[in-house]
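Colleague: Below you'll find start-v5.csv; it's CSV, C-alpha atoms and all ligand atoms.
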```csv
chain,number,residue,atom,x,y,z
A,1,MET,CA,39.1,14.0,-2.7
A,2,THR,CA,38.3,12.3,0.6
A,3,VAL,CA,41.2,10.6,2.4
A,4,ILE,CA,40.3,7.2,3.8
A,5,ARG,CA,42.8,5.6,6.2
A,6,THR,CA,43.4,3.7,9.4
A,7,GLU,CA,45.4,4.5,12.5
A,8,LEU,CA,46.3,2.4,15.5
A,9,GLY,CA,45.3,4.0,18.8
A,10,ASP,CA,42.8,4.9,21.5
A,11,ILE,CA,40.1,7.0,19.8
A,12,THR,CA,39.8,9.2,23.0
A,13,SER,CA,43.5,9.9,23.3
A,14,LYS,CA,44.0,12.8,20.9
A,15,HIS,CA,42.3,14.9,18.2
A,16,TYR,CA,41.7,12.5,15.3
A,17,ALA,CA,38.7,14.3,13.6
A,18,ASP,CA,35.9,16.8,14.1
A,19,ALA,CA,33.7,13.9,15.3
A,20,ILE,CA,34.4,10.5,16.7
A,21,VAL,CA,31.9,7.7,16.5
A,22,ASN,CA,30.9,5.7,19.6
A,23,ALA,CA,30.0,2.0,19.3
A,24,ALA,CA,27.1,2.3,21.8
A,25,ASN,CA,24.2,0.2,22.9
A,26,GLU,CA,20.5,1.0,22.4
A,27,SER,CA,20.2,2.6,25.8
A,28,LEU,CA,23.0,5.2,25.0
A,29,LEU,CA,23.7,5.1,28.7
A,30,GLY,CA,27.3,3.9,28.4
A,31,GLY,CA,29.0,0.6,28.8
A,32,GLY,CA,32.4,-1.0,28.4
A,33,GLY,CA,34.8,-1.1,25.5
A,34,VAL,CA,35.0,2.1,23.4
A,35,ASP,CA,31.7,3.3,24.8
A,36,GLY,CA,33.2,3.2,28.3
A,37,ALA,CA,36.3,4.9,27.2
A,38,ILE,CA,34.4,7.7,25.4
A,39,HIS,CA,32.2,8.4,28.4
A,40,ARG,CA,35.2,8.4,30.8
A,41,ALA,CA,37.1,10.8,28.7
A,42,ALA,CA,34.1,13.1,27.9
A,43,GLY,CA,33.0,13.4,31.5
A,44,PRO,CA,29.6,13.2,33.1
A,45,ASP,CA,27.9,15.8,30.9
A,46,LEU,CA,28.0,13.4,28.0
A,47,LEU,CA,25.7,11.0,29.9
A,48,THR,CA,23.5,13.9,30.9
A,49,GLU,CA,23.0,14.7,27.2
A,50,CYS,CA,22.6,11.1,26.2
A,51,ARG,CA,19.8,10.6,28.7
A,52,LYS,CA,17.7,13.2,26.8
A,53,LEU,CA,18.1,11.2,23.5
A,54,ASN,CA,15.8,8.3,24.5
A,55,GLY,CA,18.1,5.6,23.2
A,56,CYS,CA,19.0,4.7,19.7
A,57,LYS,CA,17.9,1.8,17.5
A,58,THR,CA,20.5,-0.7,16.1
A,59,GLY,CA,21.8,0.6,12.8
A,60,GLN,CA,20.8,4.2,13.6
A,61,ALA,CA,22.9,7.1,14.8
A,62,LYS,CA,22.5,10.1,17.1
A,63,ILE,CA,24.8,13.1,17.8
A,64,THR,CA,25.9,14.9,20.9
A,65,LYS,CA,28.6,17.4,21.9
A,66,ALA,CA,32.0,16.0,23.0
A,67,TYR,CA,32.6,17.8,26.2
A,68,ARG,CA,36.1,17.0,27.5
A,69,LEU,CA,37.0,14.9,24.5
A,70,PRO,CA,39.5,16.4,22.0
A,71,CYS,CA,36.8,16.8,19.2
A,72,ASP,CA,33.6,18.7,18.5
A,73,TYR,CA,31.0,16.0,18.3
A,74,VAL,CA,30.4,12.3,19.3
A,75,ILE,CA,28.1,10.4,16.9
A,76,HIS,CA,26.6,7.4,18.8
A,77,THR,CA,25.7,4.4,16.7
A,78,VAL,CA,24.5,1.0,17.7
A,79,GLY,CA,26.0,-1.9,15.9
A,80,PRO,CA,24.3,-5.3,15.5
A,81,VAL,CA,25.2,-8.2,17.8
A,82,TRP,CA,26.6,-11.1,15.7
A,83,HIS,CA,24.1,-14.0,15.6
A,84,GLY,CA,25.7,-15.9,12.8
A,85,GLY,CA,25.0,-13.5,9.9
A,86,ILE,CA,21.5,-14.5,9.0
A,87,HIS,CA,19.6,-11.9,11.0
A,88,GLY,CA,20.3,-8.9,8.9
A,89,GLU,CA,23.5,-8.1,10.7
A,90,ALA,CA,25.3,-6.9,7.5
A,91,GLU,CA,22.6,-4.4,6.6
A,92,LEU,CA,22.4,-3.1,10.1
A,93,LEU,CA,26.2,-2.6,10.3
A,94,ALA,CA,26.2,-0.8,7.0
A,95,GLY,CA,23.4,1.4,8.4
A,96,CYS,CA,25.7,2.4,11.3
A,97,TYR,CA,28.3,3.8,8.8
A,98,LYS,CA,25.7,5.3,6.4
A,99,HIS,CA,23.6,7.0,9.1
A,100,SER,CA,26.7,8.2,11.0
A,101,LEU,CA,28.1,9.8,7.8
A,102,GLU,CA,24.8,11.3,6.8
A,103,LEU,CA,24.4,12.8,10.3
A,104,ALA,CA,27.9,14.3,10.0
A,105,THR,CA,27.0,16.0,6.6
A,106,GLU,CA,24.0,17.5,8.3
A,107,HIS,CA,26.3,19.1,10.9
A,108,GLY,CA,29.0,20.3,8.5
A,109,ILE,CA,31.4,17.7,10.0
A,110,ARG,CA,34.3,17.2,7.5
A,111,SER,CA,36.4,14.7,9.3
A,112,ILE,CA,35.2,11.6,11.3
A,113,ALA,CA,36.9,8.8,13.1
A,114,PHE,CA,35.2,5.4,13.6
A,115,PRO,CA,36.2,2.5,15.9
A,116,SER,CA,35.7,-1.0,14.6
A,117,ILE,CA,32.0,-1.1,15.3
A,118,SER,CA,30.5,-4.4,16.6
A,119,THR,CA,33.7,-6.4,16.5
A,120,GLY,CA,34.3,-6.4,20.3
A,121,VAL,CA,31.5,-7.3,22.8
A,122,TYR,CA,29.1,-7.7,19.9
A,123,SER,CA,31.4,-10.4,18.3
A,124,TYR,CA,31.0,-9.4,14.7
A,125,PRO,CA,33.8,-11.2,12.7
A,126,VAL,CA,36.4,-8.5,12.0
A,127,GLN,CA,37.0,-9.5,8.4
A,128,GLN,CA,33.4,-9.2,7.4
A,129,ALA,CA,32.8,-6.1,9.5
A,130,ALA,CA,35.8,-4.4,7.8
A,131,GLU,CA,34.5,-5.2,4.3
A,132,ILE,CA,31.1,-3.8,5.1
A,133,ALA,CA,32.6,-0.7,6.7
A,134,VAL,CA,34.9,0.1,3.8
A,135,GLN,CA,32.3,-0.7,1.1
A,136,THR,CA,29.7,1.5,2.9
A,137,VAL,CA,32.1,4.4,3.4
A,138,ARG,CA,33.1,4.3,-0.3
A,139,LYS,CA,29.4,4.3,-1.4
A,140,VAL,CA,28.6,7.3,0.8
A,141,ILE,CA,31.6,9.2,-0.5
A,142,GLU,CA,30.3,8.6,-4.1
A,143,GLU,CA,27.0,10.1,-3.0
A,144,TYR,CA,28.6,13.0,-1.2
A,145,PRO,CA,31.9,13.5,-3.1
A,146,ASP,CA,32.6,17.0,-1.5
A,147,ALA,CA,31.4,16.4,2.0
A,148,PHE,CA,34.4,14.9,3.7
A,149,ASP,CA,38.1,15.8,3.9
A,150,GLU,CA,39.0,12.6,5.9
A,151,ILE,CA,37.3,9.4,7.1
A,152,LEU,CA,39.4,7.2,9.3
A,153,TRP,CA,39.3,4.1,11.6
A,154,VAL,CA,41.1,4.3,14.9
A,155,LEU,CA,41.8,0.7,15.7
A,156,PHE,CA,42.7,-0.5,19.1
A,157,ASP,CA,44.9,-3.4,18.3
A,158,GLU,CA,47.4,-4.3,15.5
A,159,ARG,CA,45.4,-7.4,14.3
A,160,THR,CA,42.2,-5.4,13.7
A,161,LYS,CA,44.2,-2.7,12.0
A,162,LEU,CA,45.7,-5.2,9.6
A,163,VAL,CA,42.3,-6.5,8.7
A,164,TYR,CA,40.9,-3.0,8.0
A,165,ASP,CA,44.1,-2.2,5.9
A,166,GLY,CA,43.4,-5.4,3.9
A,167,GLY,CA,39.8,-4.3,3.5
A,168,LEU,CA,40.9,-0.9,2.2
A,169,GLN,CA,43.2,-2.5,-0.3
A,170,LYS,CA,40.6,-5.0,-1.5
A,171,ASN,CA,37.5,-2.8,-1.8
A,201,LIG,N1,39.6,3.3,21.1
A,201,LIG,C1,39.4,2.7,19.9
A,201,LIG,N2,38.9,1.5,19.8
A,201,LIG,C2,38.5,0.9,21.0
A,201,LIG,C3,38.7,1.5,22.2
A,201,LIG,C4,39.3,2.8,22.3
A,201,LIG,N3,39.5,3.4,23.4
A,201,LIG,N4,38.3,0.6,23.2
A,201,LIG,C5,37.9,-0.5,22.6
A,201,LIG,N5,38.0,-0.4,21.2
A,201,LIG,C6,37.7,-1.3,20.2
A,201,LIG,C7,37.6,-2.8,20.5
A,201,LIG,O1,38.9,-3.3,20.7
A,201,LIG,C8,36.9,-3.3,19.3
A,201,LIG,O2,37.8,-3.5,18.2
A,201,LIG,O3,36.5,-1.0,19.6
A,201,LIG,C9,36.0,-2.1,18.9
A,201,LIG,C10,34.5,-2.3,19.3
A,201,LIG,O4,34.4,-3.0,20.5
A,201,LIG,P1,33.4,-2.6,21.7
A,201,LIG,O5,33.8,-1.4,22.3
A,201,LIG,O6,33.2,-3.9,22.5
A,201,LIG,O7,32.0,-2.4,20.8
A,201,LIG,P2,31.0,-3.4,20.2
A,201,LIG,O8,31.6,-4.7,19.8
A,201,LIG,O9,30.3,-2.5,19.1
A,201,LIG,O10,29.9,-3.7,21.4
A,201,LIG,C11,29.1,-2.6,21.9
A,201,LIG,O11,29.8,-3.0,24.1
A,201,LIG,O12,30.8,-1.4,25.4
A,201,LIG,C12,29.6,-2.0,25.1
A,201,LIG,O13,28.0,-0.3,25.6
A,201,LIG,C13,28.7,-1.0,24.6
A,201,LIG,O14,26.8,-2.5,24.7
A,201,LIG,C14,27.8,-1.9,23.8
A,201,LIG,C15,28.7,-3.0,23.2
```
If you convert what's in this file into C-alpha cells, what do you get?
Ligand code: APR

Modeller:
Amino acid sequence: MTVIRTELGDITSKHYADAIVNAANESLLGGGGVDGAIHRAAGPDLLTECRKLNGCKTGQAKITKAYRLPCDYVIHTVGPVWHGGIHGEAELLAGCYKHSLELATEHGIRSIAFPSISTGVYSYPVQQAAEIAVQTVRKVIEEYPDAFDEILWVLFDERTKLVYDGGLQKN
C-alpha cells in the first residue's frame, strides 16, 4: 500500500524521501525557484554532475546524486511552460511525473517527494497541475503496486497545499 500525501515546507530543509524531484529547465544548469534552492542546498558538485547530462527535454527526467541535500538522489524533470493549455502541456506535465517515478523504480527508490512542478515561473494553473499530478501518480501506482512506500508533495505555500489536498480528495 503506497501512502500518497502532501506536506507544507521547503523541499530542501529536511529528509522527506529517498529522492526529491527538481522542477528544472532544459539546460539542467540551475535557475530560480525550487531549482535554485536545490542547487544551493546540494552544493556545487550537483551542477558539476548536471553538466555531464547534456540537458533534459520537457516532460522527461534525469537522475543525479544529492550531495549535501538530506536525501540520496535528485530526479530532475522539466515541466511545460503554460501557453494556454493547447500545446500539449497536460501530456508533458503528466510525463514529468510518469518518467520521474519510472526512473525511481529503476534505482530502487521507495519514497519520493515532488514540488508543484510548473506552477511557479512556468505559470501552470495550480488546480489543473494538481489534478494531472494526482491522476498520473495514481496511474503509476496501479502499474507498480509494490514499488513505493510513500509519494508526497512538499508544497511551499498554504494555498498550493490546499489545492493539492483537494486534488487528492477528488481523484
Ligand atoms: N521547496 C518546495 N517548493 C518550492 C521551493 C522549495 N524550496 N521553492 C519554490 N517552490 C515551489 C514554488 O512556490 C512553486 O509552487 O515550487 C513550485 C514550482 O515553482 P518553480 O520553482 O518556479 O518551478 P517551475 O514553475 O516548474 O519553473 C521552472 O523556474 O527556477 C526556474 O530553473 C527553473 O527554469 C526553471 C523554471

Colleague: Find the residues near Ile151 of chain A: any atom within 9 Å, counting all atoms listed in the file, skip ones fewer than 6 places away on the same chain, and give them as a list in words.

Modeller: Thr2, Val3, Ile4, Arg5, Thr6, Ala17, Arg110, Ser111, Ile112, Ala113, Phe114 and Val137 of chain A

Colleague: Report, in Å to a single decimal, how far apart atom CA of Asp18 of chain A and atom CA of Ile132 of chain A are.

Modeller: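 Pair atom CA of Ile132 of chain A / atom CA of Asp18 of chain A returns 23.0 Å.
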
Colleague: Could you work out how far atom CA of Leu92 of chain A lies from atom O9 of ligand LIG 201 (chain A), giving the answer in Å with one decimal?

Modeller: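 Calculated distance between atom O9 of ligand LIG 201 (chain A) and atom CA of Leu92 of chain A is 12.0 Å.
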
Colleague: To one decimal in Å, tell me the separation between atom O12 of ligand LIG 201 (chain A) and atom CA of Arg40 of chain A.

Modeller: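 These atoms are spaced 12.0 Å apart.
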
Colleague: Show which residues sit within 8 Å of Leu93 of chain A, as a VMD selection string. Count all atoms listed in the file, and ignore same-chain residues fewer than 3 positions away.

Modeller: chain A and resid 59 79 to 80 89 to 90 96 to 97 117 to 118 129 132 to 133

Colleague: For ligand LIG 201 (chain A), list the contacting residues at 7 Å or closer, counting all atoms listed in the file, as an NGL selection string.

Modeller: :A and (9-12 or 23-25 or 30-38 or 78-79 or 115-124 or 154-157 or 160)

Colleague: Can I get the selected residues back with C-alpha atoms, as a PDB file, in the coordinates of the input?

Modeller:
```pdb
ATOM      1  CA  GLY A   9      45.300   4.000  18.800  1.00  0.00           C
ATOM      2  CA  ASP A  10      42.800   4.900  21.500  1.00  0.00           C
ATOM      3  CA  ILE A  11      40.100   7.000  19.800  1.00  0.00           C
ATOM      4  CA  THR A  12      39.800   9.200  23.000  1.00  0.00           C
ATOM      5  CA  ALA A  23      30.000   2.000  19.300  1.00  0.00           C
ATOM      6  CA  ALA A  24      27.100   2.300  21.800  1.00  0.00           C
ATOM      7  CA  ASN A  25      24.200   0.200  22.900  1.00  0.00           C
ATOM      8  CA  GLY A  30      27.300   3.900  28.400  1.00  0.00           C
ATOM      9  CA  GLY A  31      29.000   0.600  28.800  1.00  0.00           C
ATOM     10  CA  GLY A  32      32.400  -1.000  28.400  1.00  0.00           C
ATOM     11  CA  GLY A  33      34.800  -1.100  25.500  1.00  0.00           C
ATOM     12  CA  VAL A  34      35.000   2.100  23.400  1.00  0.00           C
ATOM     13  CA  ASP A  35      31.700   3.300  24.800  1.00  0.00           C
ATOM     14  CA  GLY A  36      33.200   3.200  28.300  1.00  0.00           C
ATOM     15  CA  ALA A  37      36.300   4.900  27.200  1.00  0.00           C
ATOM     16  CA  ILE A  38      34.400   7.700  25.400  1.00  0.00           C
ATOM     17  CA  VAL A  78      24.500   1.000  17.700  1.00  0.00           C
ATOM     18  CA  GLY A  79      26.000  -1.900  15.900  1.00  0.00           C
ATOM     19  CA  PRO A 115      36.200   2.500  15.900  1.00  0.00           C
ATOM     20  CA  SER A 116      35.700  -1.000  14.600  1.00  0.00           C
ATOM     21  CA  ILE A 117      32.000  -1.100  15.300  1.00  0.00           C
ATOM     22  CA  SER A 118      30.500  -4.400  16.600  1.00  0.00           C
ATOM     23  CA  THR A 119      33.700  -6.400  16.500  1.00  0.00           C
ATOM     24  CA  GLY A 120      34.300  -6.400  20.300  1.00  0.00           C
ATOM     25  CA  VAL A 121      31.500  -7.300  22.800  1.00  0.00           C
ATOM     26  CA  TYR A 122      29.100  -7.700  19.900  1.00  0.00           C
ATOM     27  CA  SER A 123      31.400 -10.400  18.300  1.00  0.00           C
ATOM     28  CA  TYR A 124      31.000  -9.400  14.700  1.00  0.00           C
ATOM     29  CA  VAL A 154      41.100   4.300  14.900  1.00  0.00           C
ATOM     30  CA  LEU A 155      41.800   0.700  15.700  1.00  0.00           C
ATOM     31  CA  PHE A 156      42.700  -0.500  19.100  1.00  0.00           C
ATOM     32  CA  ASP A 157      44.900  -3.400  18.300  1.00  0.00           C
ATOM     33  CA  THR A 160      42.200  -5.400  13.700  1.00  0.00           C
TER      34      THR A 160
END
```

Colleague: Residues around (29.4, 10.8, 20.4), cut-off 7 Å, counting only C-alpha atoms - what are they as a PyMOL selection string?

Modeller: chain A and resi 20-22+63-66+73-76

Colleague: For a quick check of understanding, using only C-alpha atoms, which of A:Leu47, A:Asp72, A:Cys56, A:Val134 has the smallest distance to Lys170 of chain A?

Modeller: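 Ranked by minimum distance to Lys170 of chain A, first place goes to A:Val134.
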
Colleague: Would you mind telling me which residue in A:Thr77, A:Ala19, A:Glu142, A:Leu29 lies nearest to Thr48 of chain A when using all atoms listed in the file?

Modeller: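 Of A:Thr77, A:Ala19, A:Glu142, A:Leu29, the one nearest Thr48 of chain A, counting all atoms listed in the file, is A:Leu29.
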